Structures are given as C-alpha cells and as structure tokens.
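Trainee: Enclosed is the structure file final_0.cif (mmCIF, C-alpha atoms).
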```
data_input
loop_
_atom_site.label_atom_id
_atom_site.label_comp_id
_atom_site.auth_asym_id
_atom_site.auth_seq_id
_atom_site.Cartn_x
_atom_site.Cartn_y
_atom_site.Cartn_z
CA MET A 1 33.97 -18.99 14.27
CA ALA A 2 31.94 -21.29 12.02
CA GLU A 3 31.39 -18.48 9.52
CA SER A 4 35.10 -17.63 9.39
CA MET A 5 35.88 -21.27 8.50
CA MET A 6 33.42 -21.25 5.58
CA SER A 7 34.62 -20.73 2.05
CA GLN A 8 33.18 -17.91 -0.03
CA SER A 9 31.10 -20.45 -1.96
CA GLN A 10 29.72 -21.92 1.27
CA ARG A 11 28.80 -18.46 2.55
CA HIS A 12 26.94 -17.79 -0.70
CA GLU A 13 25.00 -21.04 -0.36
CA ALA A 14 24.20 -20.53 3.34
CA PHE A 15 22.98 -16.99 2.66
CA ALA A 16 20.79 -18.14 -0.22
CA VAL A 17 19.28 -21.04 1.76
CA ALA A 18 18.48 -18.79 4.71
CA ALA A 19 16.87 -16.21 2.43
CA HIS A 20 14.83 -18.96 0.75
CA ILE A 21 13.56 -20.33 4.10
CA VAL A 22 12.44 -16.93 5.41
CA SER A 23 10.92 -16.00 2.05
CA ASP A 24 8.88 -19.22 2.01
CA ALA A 25 7.73 -18.54 5.58
CA LEU A 26 6.45 -15.10 4.52
CA GLY A 27 4.39 -16.71 1.76
CA ASN A 28 2.70 -14.29 -0.62
CA PRO A 29 1.29 -11.35 1.35
CA THR A 30 -1.45 -9.41 -0.41
CA LEU A 31 -3.07 -6.06 0.16
CA GLN A 32 -6.31 -7.64 1.32
CA SER A 33 -4.64 -9.92 3.88
CA ALA A 34 -3.71 -8.52 7.28
CA PRO A 35 -0.28 -10.10 7.80
CA THR A 36 0.08 -9.40 11.51
CA ASP A 37 1.55 -12.87 12.04
CA MET A 38 4.07 -12.21 9.27
CA LYS A 39 5.64 -9.47 11.37
CA GLU A 40 7.28 -12.24 13.40
CA TYR A 41 9.44 -13.11 10.39
CA LEU A 42 10.63 -9.55 9.81
CA ARG A 43 13.36 -9.87 12.44
CA HIS A 44 14.84 -12.77 10.48
CA ALA A 45 14.63 -10.75 7.27
CA GLU A 46 16.32 -7.87 9.09
CA ARG A 47 19.23 -10.06 10.22
CA LEU A 48 19.84 -11.22 6.66
CA HIS A 49 19.50 -7.66 5.44
CA THR A 50 22.03 -6.42 8.00
CA TYR A 51 24.44 -9.20 7.03
CA PHE A 52 24.12 -8.28 3.36
CA ARG A 53 24.72 -4.57 4.01
CA GLU A 54 27.76 -5.27 6.17
CA GLN A 55 29.28 -7.59 3.61
CA THR A 56 28.59 -5.19 0.76
CA GLU A 57 30.14 -2.26 2.58
CA THR A 58 33.35 -4.16 3.37
CA SER A 59 33.47 -5.83 -0.06
CA ALA A 60 33.95 -9.15 1.74
CA ILE A 61 31.72 -11.06 -0.68
CA ALA A 62 29.96 -10.57 -3.98
CA ILE A 63 26.64 -12.37 -3.81
CA ARG A 64 26.12 -14.74 -6.71
CA HIS A 65 23.06 -14.67 -8.95
CA TYR A 66 21.27 -17.48 -7.09
CA ALA A 67 21.62 -15.68 -3.78
CA VAL A 68 20.52 -12.40 -5.33
CA LEU A 69 17.30 -13.96 -6.59
CA GLN A 70 16.46 -15.53 -3.24
CA PHE A 71 17.38 -12.36 -1.39
CA ALA A 72 15.40 -10.12 -3.74
CA GLN A 73 12.31 -12.29 -3.31
CA LEU A 74 12.69 -12.10 0.46
CA LEU A 75 13.22 -8.33 0.50
CA GLY A 76 10.25 -7.74 -1.79
CA LYS A 77 7.94 -9.72 0.51
CA ALA A 78 9.40 -8.14 3.66
CA ALA A 79 8.98 -4.68 2.14
CA PHE A 80 5.34 -5.48 1.33
CA VAL A 81 4.66 -6.63 4.90
CA CYS A 82 6.25 -3.40 6.16
CA TYR A 83 4.06 -1.48 3.70
CA ARG A 84 0.91 -3.12 5.09
CA GLN A 85 2.03 -2.31 8.62
CA GLY A 86 2.89 1.31 7.77
CA ILE A 87 6.63 0.81 8.37
CA PHE A 88 7.67 2.69 5.26
CA GLU A 89 11.23 3.71 6.13
CA THR A 90 12.27 0.09 6.71
CA ALA A 91 10.47 -0.95 3.52
CA PHE A 92 12.48 1.56 1.49
CA LEU A 93 15.73 0.29 3.05
CA TYR A 94 14.86 -3.25 1.96
CA LEU A 95 14.06 -2.08 -1.55
CA LYS A 96 17.32 -0.11 -1.78
CA SER A 97 19.32 -3.21 -0.81
CA ALA A 98 17.46 -5.25 -3.41
CA HIS A 99 18.25 -2.66 -6.08
CA ASP A 100 21.89 -2.56 -4.97
CA ALA A 101 22.10 -6.34 -5.23
CA PHE A 102 20.70 -6.22 -8.75
CA ASP A 103 23.11 -3.46 -9.77
CA ALA A 104 26.05 -5.61 -8.67
CA ASN A 105 24.77 -8.77 -10.37
CA THR A 106 23.39 -8.22 -13.85
CA SER A 107 23.02 -10.92 -16.46
CA ASP A 108 25.09 -10.79 -19.65
CA ASP A 109 22.20 -12.41 -21.52
CA PRO A 110 18.80 -11.00 -20.46
CA SER A 111 17.00 -13.65 -22.53
CA SER A 112 18.67 -16.54 -20.70
CA ALA A 113 16.80 -18.41 -17.98
CA GLU A 114 18.88 -16.59 -15.38
CA GLY A 115 18.28 -13.22 -17.04
CA GLN A 116 14.53 -13.82 -17.14
CA LYS A 117 14.47 -14.67 -13.44
CA LEU A 118 16.30 -11.44 -12.63
CA LEU A 119 13.92 -9.44 -14.82
CA THR A 120 10.92 -11.10 -13.14
CA GLU A 121 12.13 -10.10 -9.69
CA ALA A 122 12.96 -6.60 -10.92
CA ALA A 123 9.34 -6.27 -12.09
CA ARG A 124 7.97 -7.45 -8.74
CA LEU A 125 10.25 -5.11 -6.79
CA ALA A 126 9.25 -2.17 -8.95
CA TYR A 127 5.58 -2.95 -8.29
CA VAL A 128 6.08 -3.11 -4.51
CA HIS A 129 8.14 0.10 -4.66
CA GLY A 130 5.27 1.74 -6.53
CA CYS A 131 2.73 0.60 -3.92
CA ILE A 132 4.76 2.11 -1.09
CA SER A 133 5.39 5.37 -2.97
CA THR A 134 1.63 5.62 -3.58
CA GLU A 135 0.94 5.14 0.12
CA ILE A 136 3.19 8.05 1.15
CA GLY A 137 1.83 10.31 -1.59
CA ASP A 138 4.90 10.30 -3.86
CA PHE A 139 2.80 9.74 -6.95
CA GLN A 140 5.43 10.75 -9.49
CA SER A 141 7.75 8.05 -8.15
CA SER A 142 4.96 5.48 -7.97
CA LEU A 143 3.95 6.16 -11.58
CA PHE A 144 7.55 5.64 -12.69
CA GLN A 145 7.81 2.36 -10.76
CA PHE A 146 4.54 0.95 -12.10
CA GLN A 147 5.51 1.87 -15.65
CA HIS A 148 8.88 0.19 -15.14
CA ALA A 149 7.18 -2.95 -13.83
CA LYS A 150 4.90 -2.91 -16.88
CA GLN A 151 7.91 -2.57 -19.21
CA CYS A 152 9.62 -5.53 -17.53
CA TYR A 153 6.48 -7.59 -18.08
CA GLU A 154 6.37 -6.63 -21.75
CA LYS A 155 10.03 -7.64 -22.21
CA LEU A 156 9.36 -11.00 -20.58
CA GLU A 157 6.32 -11.52 -22.76
CA GLN A 158 8.42 -10.85 -25.87
CA MET A 159 10.86 -13.52 -24.69
CA GLY A 160 8.01 -16.01 -24.33
CA SER A 161 8.32 -16.09 -20.54
CA THR A 162 5.27 -16.93 -18.42
CA SER A 163 6.89 -16.12 -15.07
CA LEU A 164 4.38 -13.30 -14.52
CA ASP A 165 0.72 -13.83 -15.37
CA SER A 166 -1.58 -11.34 -17.09
CA LYS A 167 -3.01 -10.30 -13.72
CA PHE A 168 0.32 -8.67 -12.89
CA TYR A 169 0.11 -6.58 -16.06
CA THR A 170 -3.51 -5.66 -15.32
CA ASN A 171 -2.56 -4.58 -11.79
CA CYS A 172 0.16 -2.33 -13.24
CA ILE A 173 -2.54 -0.60 -15.29
CA GLY A 174 -4.80 -0.09 -12.27
CA SER A 175 -1.94 1.03 -10.04
CA SER A 176 -0.74 3.51 -12.66
CA ALA A 177 -4.29 4.90 -12.64
CA ASN A 178 -3.99 5.39 -8.87
CA SER A 179 -0.79 7.38 -9.38
CA LEU A 180 -2.39 9.56 -12.05
CA ASN A 181 -5.38 10.11 -9.76
CA GLY A 182 -2.97 11.22 -7.04
CA LEU A 183 -1.35 13.64 -9.49
CA CYS A 184 -4.82 15.10 -10.29
CA ARG A 185 -4.56 13.79 -13.85
CA ASP A 186 -8.04 12.39 -13.46
CA ALA A 187 -9.04 12.09 -17.11
CA GLU A 188 -5.98 9.91 -17.78
CA ALA A 189 -6.63 7.97 -14.59
CA GLU A 190 -10.25 7.31 -15.54
CA THR A 191 -9.14 5.92 -18.93
CA LEU A 192 -6.74 3.48 -17.26
CA TYR A 193 -9.30 2.47 -14.65
CA GLN A 194 -11.71 1.67 -17.49
CA GLN A 195 -9.01 -0.43 -19.19
CA PHE A 196 -8.44 -2.30 -15.93
CA LEU A 197 -12.14 -2.90 -15.29
CA GLU A 198 -12.79 -4.10 -18.85
CA ARG A 199 -10.34 -6.94 -18.20
CA GLY A 200 -12.31 -8.20 -15.19
CA LYS A 201 -15.86 -9.08 -14.25
CA PRO A 202 -18.44 -6.29 -13.88
CA ASP A 203 -19.36 -4.93 -10.43
CA ASN A 204 -16.44 -6.69 -8.79
CA PHE A 205 -16.93 -5.73 -5.15
CA THR A 206 -13.56 -7.29 -4.24
CA SER A 207 -11.62 -4.79 -6.39
CA ALA A 208 -10.32 -1.49 -5.03
CA TYR A 209 -10.27 -0.10 -8.57
CA GLU A 210 -14.07 -0.29 -8.74
CA VAL A 211 -14.00 2.21 -5.87
CA ASN A 212 -11.08 4.28 -7.08
CA ILE A 213 -12.66 5.19 -10.42
CA CYS A 214 -15.41 6.84 -8.38
CA ARG A 215 -12.81 9.31 -7.09
CA CYS A 216 -12.31 10.42 -10.70
CA TYR A 217 -16.07 10.86 -11.12
CA TRP A 218 -16.12 12.84 -7.85
CA SER A 219 -13.26 15.11 -8.98
CA ALA A 220 -15.10 15.72 -12.26
CA GLY A 221 -18.26 16.72 -10.39
CA LYS A 222 -20.13 13.55 -11.40
CA PHE A 223 -21.46 13.07 -7.88
CA GLU A 224 -24.55 11.05 -8.75
CA LYS A 225 -22.61 8.65 -10.98
CA ALA A 226 -19.99 8.08 -8.28
CA ALA A 227 -22.57 7.71 -5.48
CA ASP A 228 -24.78 5.31 -7.45
CA ARG A 229 -21.82 3.07 -8.27
CA LEU A 230 -20.58 3.01 -4.67
CA THR A 231 -24.07 2.39 -3.29
CA LYS A 232 -24.43 -0.62 -5.56
CA LEU A 233 -21.03 -2.00 -4.55
CA ILE A 234 -21.86 -1.56 -0.85
CA GLN A 235 -25.15 -3.40 -1.31
CA LEU A 236 -23.34 -6.26 -3.06
CA ARG A 237 -20.79 -6.45 -0.23
CA GLU A 238 -23.52 -6.42 2.39
CA GLY A 239 -25.31 -9.21 0.56
CA GLN A 240 -22.15 -11.30 0.72
CA TYR A 241 -20.64 -10.35 4.10
CA GLY A 242 -23.34 -8.48 6.03
CA SER A 243 -23.59 -4.84 7.09
CA ASN A 244 -20.71 -5.16 9.57
CA ASP A 245 -18.36 -6.40 6.86
CA THR A 246 -14.74 -6.74 8.04
CA GLU A 247 -13.74 -9.37 5.48
CA ASP A 248 -11.06 -6.92 4.34
CA TYR A 249 -10.51 -3.18 4.13
CA LEU A 250 -12.62 -2.65 0.99
CA MET A 251 -15.97 -2.03 2.69
CA GLY A 252 -14.33 0.77 4.66
CA HIS A 253 -12.88 2.14 1.43
CA MET A 254 -16.32 2.22 -0.19
CA LEU A 255 -17.96 3.83 2.85
CA TYR A 256 -15.24 6.44 3.24
CA CYS A 257 -15.39 7.50 -0.42
CA LEU A 258 -19.19 7.59 -0.46
CA GLY A 259 -19.13 9.68 2.72
CA ASN A 260 -16.87 12.25 1.05
CA ILE A 261 -19.21 12.40 -1.95
CA ARG A 262 -22.24 12.87 0.31
CA ILE A 263 -20.50 15.90 1.85
CA SER A 264 -20.11 17.35 -1.66
CA GLN A 265 -23.84 16.70 -2.14
CA SER A 266 -24.64 18.65 1.06
CA ARG A 267 -25.72 15.45 2.79
CA ALA A 268 -23.29 15.70 5.69
CA ASP A 269 -25.44 13.88 8.26
CA GLU A 270 -25.60 10.82 6.03
CA ALA A 271 -21.85 11.14 5.47
CA PHE A 272 -21.27 11.05 9.24
CA GLY A 273 -22.82 7.59 9.53
CA LEU A 274 -20.82 6.33 6.55
CA HIS A 275 -17.55 7.62 8.00
CA GLU A 276 -18.33 6.07 11.40
CA ARG A 277 -18.88 2.71 9.70
CA ALA A 278 -15.64 3.13 7.75
CA LEU A 279 -13.77 3.74 11.01
CA GLY A 280 -15.23 0.56 12.52
CA CYS A 281 -14.13 -1.46 9.49
CA TRP A 282 -10.62 -0.06 9.31
CA LYS A 283 -9.93 -0.41 13.04
CA VAL A 284 -10.40 -4.15 12.49
CA THR A 285 -8.89 -4.64 9.03
CA PHE A 286 -6.09 -2.06 8.91
CA GLY A 287 -5.55 -1.93 12.67
CA GLU A 288 -5.28 0.93 15.15
CA GLU A 289 -1.83 2.00 13.96
CA HIS A 290 -2.54 2.45 10.25
CA HIS A 291 -2.65 5.98 8.83
CA LYS A 292 -5.96 5.34 7.03
CA THR A 293 -7.51 4.57 10.41
CA GLY A 294 -6.06 7.90 11.53
CA ASP A 295 -7.65 9.61 8.53
CA THR A 296 -11.04 8.27 9.55
CA TYR A 297 -10.61 9.33 13.18
CA HIS A 298 -9.97 12.83 11.82
CA LYS A 299 -13.00 12.69 9.52
CA VAL A 300 -15.33 11.53 12.32
CA ALA A 301 -13.97 14.33 14.52
CA TRP A 302 -14.74 16.82 11.73
CA HIS A 303 -18.37 15.73 11.81
CA GLN A 304 -18.53 15.89 15.61
CA SER A 305 -17.05 19.37 15.62
CA ARG A 306 -19.58 20.44 12.98
CA LEU A 307 -22.39 19.24 15.25
CA GLY A 308 -20.96 20.92 18.34
CA ASP A 309 -19.82 17.72 20.06
CA ASP A 310 -16.39 19.18 20.78
CA HIS A 311 -15.44 16.75 23.56
CA SER A 312 -15.84 13.75 21.25
CA ALA A 313 -14.11 15.64 18.43
CA ARG A 314 -11.17 16.39 20.71
CA ASN A 315 -10.85 12.74 21.71
CA ASN A 316 -10.93 11.48 18.13
CA LEU A 317 -8.42 14.09 16.94
CA LYS A 318 -6.10 12.92 19.69
CA GLU A 319 -6.57 9.38 18.41
CA ALA A 320 -5.69 10.54 14.89
CA LEU A 321 -2.54 12.24 16.16
CA ARG A 322 -1.59 9.13 18.12
CA VAL A 323 -1.74 7.14 14.89
CA TYR A 324 0.15 9.70 12.81
CA SER A 325 2.82 10.18 15.46
CA GLY A 326 3.62 6.47 15.58
CA LEU A 327 5.87 4.62 13.18
CA ASP A 328 7.49 6.64 10.36
CA ARG A 329 5.88 9.91 11.40
CA ARG A 330 8.12 11.80 8.97
CA PHE A 331 5.85 10.55 6.18
CA ARG A 332 2.77 12.00 7.93
CA LYS A 333 3.77 15.62 8.53
CA GLY A 334 0.82 16.91 6.50
CA GLU A 335 -1.68 14.81 8.41
CA ILE A 336 -0.14 15.80 11.75
CA ALA A 337 -0.35 19.50 10.85
CA ARG A 338 -3.97 19.10 9.66
CA SER A 339 -5.16 17.33 12.81
CA ASN A 340 -3.27 19.72 15.10
CA PHE A 341 -4.87 22.68 13.34
CA LYS A 342 -8.33 21.16 13.71
CA LEU A 343 -7.64 20.28 17.35
CA ALA A 344 -6.66 23.91 18.05
CA SER A 345 -9.97 24.99 16.50
CA VAL A 346 -11.86 22.53 18.71
CA TYR A 347 -10.10 23.81 21.82
CA TRP A 348 -11.04 27.34 20.78
CA ASP A 349 -14.67 26.31 20.48
CA LEU A 350 -14.55 24.56 23.85
CA GLY A 351 -13.18 27.72 25.44
CA SER A 352 -15.77 29.91 23.75
CA ARG A 353 -18.65 27.73 24.91
CA SER A 354 -17.36 27.55 28.49
#
```
Mind converting the file's structure to structure tokens?
Mentor:
Amino acid sequence: MAESMMSQSQRHEAFAVAAHIVSDALGNPTLQSAPTDMKEYLRHAERLHTYFREQTETSAIAIRHYAVLQFAQLLGKAAFVCYRQGIFETAFLYLKSAHDAFDANTSDDPSSAEGQKLLTEAARLAYVHGCISTEIGDFQSSLFQFQHAKQCYEKLEQMGSTSLDSKFYTNCIGSSANSLNGLCRDAEAETLYQQFLERGKPDNFTSAYEVNICRCYWSAGKFEKAADRLTKLIQLREGQYGSNDTEDYLMGHMLYCLGNIRISQSRADEAFGLHERALGCWKVTFGEEHHKTGDTYHKVAWHQSRLGDDHSARNNLKEALRVYSGLDRRFRKGEIARSNFKLASVYWDLGSRS
C-alpha cells in the first residue's frame, strides 16, 4: 500500500537509498578475504534485484542515473561475494541486471561527472565479470572483460579522472595474464605477468601473480625455475605466518602448484605432502564447499591411489564429488566426470585386491 502511494520520484529515491545501505554493509570484499559474514547481506541484495527485474519487465519505472550507480555498485559487490562462495549462476544474474541497467541509462556526455561515474562502475563490473569467467574456465570471455575494464580505465585517465587508482589498471594486466594462461597462450601470459610484477615489490608473497607466472614456467618445461621461485615464496610465507599458514588462500596456492611441478620432476612422494598441506589450507581459507578444495581432495586421492591406499582414495574422491555436486554444479561437469572416472578406477582396484 505504501509503495502504491509513492510517486515515481519517491520510488527512485527509496530504491537508491536501499541499494546504498546494503552496498555499504557489504563493504569492499576482496579475493583474500573470506566473506562468510557477507553472505547474510545477499538476501537483501536479492530482494532489491528481484524488485528491479520485476519493474524492468513491466516497464513500471525507469531507474534514474543516481539509482543505477548505487544499484550497480551493490550488484558488483554482491556478485563478487557470490564468486568467492562459488555461487556463479547468481553472480551472473546480478551482472546481467547491472548491464541491463547501464544499457537503459547511458550518459549523453561521457566526460561529465555523471558520465565518469557510470564509466567507473562499468570498469568495476567488467573486472568482476572477468574474475567469475576465469573461475569457471571461460577464459575467452574473461580476457574480453579484463580488456574492457582496462579500456574504461584508460578513457577515465584521459579525462583526468582519479576514480580508479593505478592498482586497478595493474590488476587488469595480471588478470589478463591469467586468462591468456588459461587459453594456453603462455608466452603472452608470461610477458604480462612480468609487466605486472615489475610494477610491484620483488618476491611479494601476498600476490597470486607471483605464483601464477610459475605456471607459465611449468608449461614451458622450466621446472627448476618454477620450483625455485615457489620454494622461496613458501619460505617467506612461513617466516611471516608459520608452516600452518591459513592467513589466506595463497599458501595453499603455492603448495598446490609446487606439488604439480614436483610430479613433473618425478618427485611424487614430495608432491603428496605438498598437496596434503594445500588441502589443509584451503579447507580453512576457501571452505569445504569451494571447488578448489574439491580439486585438492581429488589430487590427494590420486596420490593415495598411486600408493595403493584405495580406501582413503575412495573417501577423498567422494569428498571431491560432494563439493562439485553442490552449488552451481553445471559449471563443474568436467571435474565431476574426472572424479567419477577416477573413483571407478579405485573401485576396480579394490575389487581386484579383494
């Protein structure tokens, strides 16, 4: 009843204020943070999202620029929280609504204060979209999104805007390298990783890109170079946070990558210990429902199967499948098929030994 008595202008203002409040409550989630408490705000974001979609479909209102900016900020943060929780389908729905809102509300003068704000949010949304596309393995899409975010930054810089700092631009470079790495364009990826790293401090053990460039070395057969770099980073992390480092996911990332390289070096027993440590880190930092935790359950099971410990391998493969079969399982069909195939092999071995 109260809503029906509101004017169109009042509805615009109420929508914008609500979006602003929830957006502020979400803060600024980052990849390193584990925003489990932020999930509590997603239901409020979802209610605003549902309201927006209903109004758009019935053409009852056309959200004004101010509301679009607040709403886009909210949806970008909500999509990022969903990304960290592995809720990719919902994240893509939020991003689509944000893009739809932008399409319906463009600025006649991109260089105006209003136009610059819209371009700033477009850059941020493109970056989040790229992160999610990377996570589900759609590297062509993620590369496009990161390049678009970079182009938005360059336009803002030409206008003299400081709404995005140079770190955003640097992250676009590193993230584009991740996409190229995923597309097996490793030489190009290595070049961009080097550009990213040259902009920061050396041996930065808080940067994922210090680890990711080692994947390029690994792909190129530079096993010693990759292993030496990762070993040094792990030692630096241990010096800061201890051997049971769960400060964030990065220790697990280093251990997992080094373990894969040790397998390529025919040092599988050493790799087993590294992958077990990675699993311990990611169960704490990513959580039990994250697909990377599932990947590590599978990897540990691979080692156990190799050593003839089929009962443990079976249990860990079931854990991997539990993770993959959770939220948004349609994005994990490859992983589900891989773990089911390995589980069938383990059951075969169990039957043969009995």
Trainee: I need the output of the PyMOL selection byres ((chain A and resi 271-286) around 8) for this file as a PyMOL selection string; which residues are they?
Mentor: chain A and resi 34+244-249+251-253+255-256+258-263+267-270+287-290+292-293+296-297+299-300+303
Trainee: Quick one: pull the distance between CA of Trp218 (chain A) and CA of Asn181 (chain A), Å, one decimal.
Mentor: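 Between CA of Trp218 (chain A) and CA of Asn181 (chain A) the gap works out to 11.2 Å.
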Trainee: When you count all atoms listed in the file, which of these residues is closest to Ser175 (chain A): A:Leu75, A:Ala227, A:Cys131, A:Leu95?
Mentor: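 Result for the nearest residue to Ser175 (chain A): A:Cys131.
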Trainee: If the PyMOL selection byres ((chain A and resi 189) around 10) is run on the structure shown, which residues does it catch, given as a ChimeraX atom specification?
Mentor: /A:173-188,190-195,212-213,215-216
Trainee: Using only C-alpha atoms, which residue out of A:Phe80, A:Tyr153, A:Tyr94, A:Phe15 lies closest to Gly130 (chain A)?
Mentor: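 Looking only at the distances to Gly130 (chain A), the closest residue turns out to be A:Phe80.
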Trainee: Take the point (11.0, -14.6, -26.2) in the file's coordinates, draw a sphere of radius 12 Å around it, and report as a list in words every protein, DNA or RNA residue with an atom inside or on it, counting all atoms listed in the file.
Mentor: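 Those residues lying close to the given coordinates are Pro110, Ser111, Ser112, Ala113, Gly115, Gln116, Tyr153, Glu154, Lys155, Leu156, Glu157, Gln158, Met159, Gly160, Ser161, Thr162 and Ser163 of chain A.
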Trainee: Output the selection as a PDB file, in the frame of the given file - C-alpha atoms for each residue.
Mentor:
```
ATOM      1  CA  PRO A 110      18.800 -11.000 -20.460  1.00  0.00           C
ATOM      2  CA  SER A 111      17.000 -13.650 -22.530  1.00  0.00           C
ATOM      3  CA  SER A 112      18.670 -16.540 -20.700  1.00  0.00           C
ATOM      4  CA  ALA A 113      16.800 -18.410 -17.980  1.00  0.00           C
ATOM      5  CA  GLY A 115      18.280 -13.220 -17.040  1.00  0.00           C
ATOM      6  CA  GLN A 116      14.530 -13.820 -17.140  1.00  0.00           C
ATOM      7  CA  TYR A 153       6.480  -7.590 -18.080  1.00  0.00           C
ATOM      8  CA  GLU A 154       6.370  -6.630 -21.750  1.00  0.00           C
ATOM      9  CA  LYS A 155      10.030  -7.640 -22.210  1.00  0.00           C
ATOM     10  CA  LEU A 156       9.360 -11.000 -20.580  1.00  0.00           C
ATOM     11  CA  GLU A 157       6.320 -11.520 -22.760  1.00  0.00           C
ATOM     12  CA  GLN A 158       8.420 -10.850 -25.870  1.00  0.00           C
ATOM     13  CA  MET A 159      10.860 -13.520 -24.690  1.00  0.00           C
ATOM     14  CA  GLY A 160       8.010 -16.010 -24.330  1.00  0.00           C
ATOM     15  CA  SER A 161       8.320 -16.090 -20.540  1.00  0.00           C
ATOM     16  CA  THR A 162       5.270 -16.930 -18.420  1.00  0.00           C
ATOM     17  CA  SER A 163       6.890 -16.120 -15.070  1.00  0.00           C
TER      18      SER A 163
END
```
Trainee: Which residue out of A:Thr134, A:Gln145, A:Ser339, A:Thr231 has the minimum interatomic distance to Leu317 (chain A) when only C-alpha atoms are used?
Mentor: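 Comparing A:Thr134, A:Gln145, A:Ser339, A:Thr231 against Leu317 (chain A), the winner is A:Ser339.
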Trainee: For the structure shown, which residues end up in the PyMOL selection byres ((chain A and resi 85) around 8)? Put them as a ChimeraX atom specification, please?
Mentor: /A:36,81-84,86-87,289-290
Trainee: For the residues in the current selection, export C-alpha atoms as a short mmCIF file (atom, residue, chain, number, x, y, z; two decimals), in the frame of the given file.
Mentor:
```
data_model
loop_
_atom_site.label_atom_id
_atom_site.label_comp_id
_atom_site.auth_asym_id
_atom_site.auth_seq_id
_atom_site.Cartn_x
_atom_site.Cartn_y
_atom_site.Cartn_z
CA THR A 36 0.08 -9.40 11.51
CA VAL A 81 4.66 -6.63 4.90
CA CYS A 82 6.25 -3.40 6.16
CA TYR A 83 4.06 -1.48 3.70
CA ARG A 84 0.91 -3.12 5.09
CA GLY A 86 2.89 1.31 7.77
CA ILE A 87 6.63 0.81 8.37
CA GLU A 289 -1.83 2.00 13.96
CA HIS A 290 -2.54 2.45 10.25
#
```
Trainee: By how many Å are CA of Gly242 (chain A) and CA of His291 (chain A) apart?
Mentor: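 Straight-line distance from CA of Gly242 (chain A) to CA of His291 (chain A) works out to 25.4 Å.
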Trainee: Which is closest to Leu143 (chain A) among A:Ala19, A:Cys172, A:Ala122, A:Val211, if we use all atoms listed in the file?
Mentor: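 Checking each of A:Ala19, A:Cys172, A:Ala122, A:Val211 against Leu143 (chain A), counting all atoms listed in the file, the winner is A:Cys172.
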Trainee: Determine, counting only C-alpha atoms, every residue of protein, DNA or RNA that lies within 9 Å of (-12.0, 14.6, 20.3) in the file coordinates, then give the result as an mmCIF file with C-alpha atoms, keeping the file's coordinate frame.
Mentor:
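What landed in selection-v5.cif:
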```
data_model
loop_
_atom_site.group_PDB
_atom_site.id
_atom_site.type_symbol
_atom_site.label_atom_id
_atom_site.label_comp_id
_atom_site.auth_asym_id
_atom_site.auth_seq_id
_atom_site.Cartn_x
_atom_site.Cartn_y
_atom_site.Cartn_z
ATOM 1 C CA TYR A 297 -10.610 9.330 13.180
ATOM 2 C CA HIS A 298 -9.970 12.830 11.820
ATOM 3 C CA ALA A 301 -13.970 14.330 14.520
ATOM 4 C CA GLN A 304 -18.530 15.890 15.610
ATOM 5 C CA SER A 305 -17.050 19.370 15.620
ATOM 6 C CA ASP A 309 -19.820 17.720 20.060
ATOM 7 C CA ASP A 310 -16.390 19.180 20.780
ATOM 8 C CA HIS A 311 -15.440 16.750 23.560
ATOM 9 C CA SER A 312 -15.840 13.750 21.250
ATOM 10 C CA ALA A 313 -14.110 15.640 18.430
ATOM 11 C CA ARG A 314 -11.170 16.390 20.710
ATOM 12 C CA ASN A 315 -10.850 12.740 21.710
ATOM 13 C CA ASN A 316 -10.930 11.480 18.130
ATOM 14 C CA LEU A 317 -8.420 14.090 16.940
ATOM 15 C CA LYS A 318 -6.100 12.920 19.690
ATOM 16 C CA GLU A 319 -6.570 9.380 18.410
ATOM 17 C CA LEU A 343 -7.640 20.280 17.350
ATOM 18 C CA VAL A 346 -11.860 22.530 18.710
#
```
Trainee: To one decimal in Å, tell me the separation between CA of Ile234 (chain A) and CA of Met254 (chain A).
Mentor: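 These atoms are spaced 6.7 Å apart.
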Trainee: Which one is closest to Ala123 (chain A): A:Gly351, A:Gly76, A:Gly294, A:Gly137? Count all atoms listed in the file.
Mentor: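 Looking at the shortest contact to Ala123 (chain A), the residue is A:Gly76.
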Trainee: Could you tell me which of A:Ser207, A:Gln10, A:Gln73, A:Thr120 comes closest to Ala25 (chain A) if we count all atoms listed in the file?
Mentor: A:Gln73
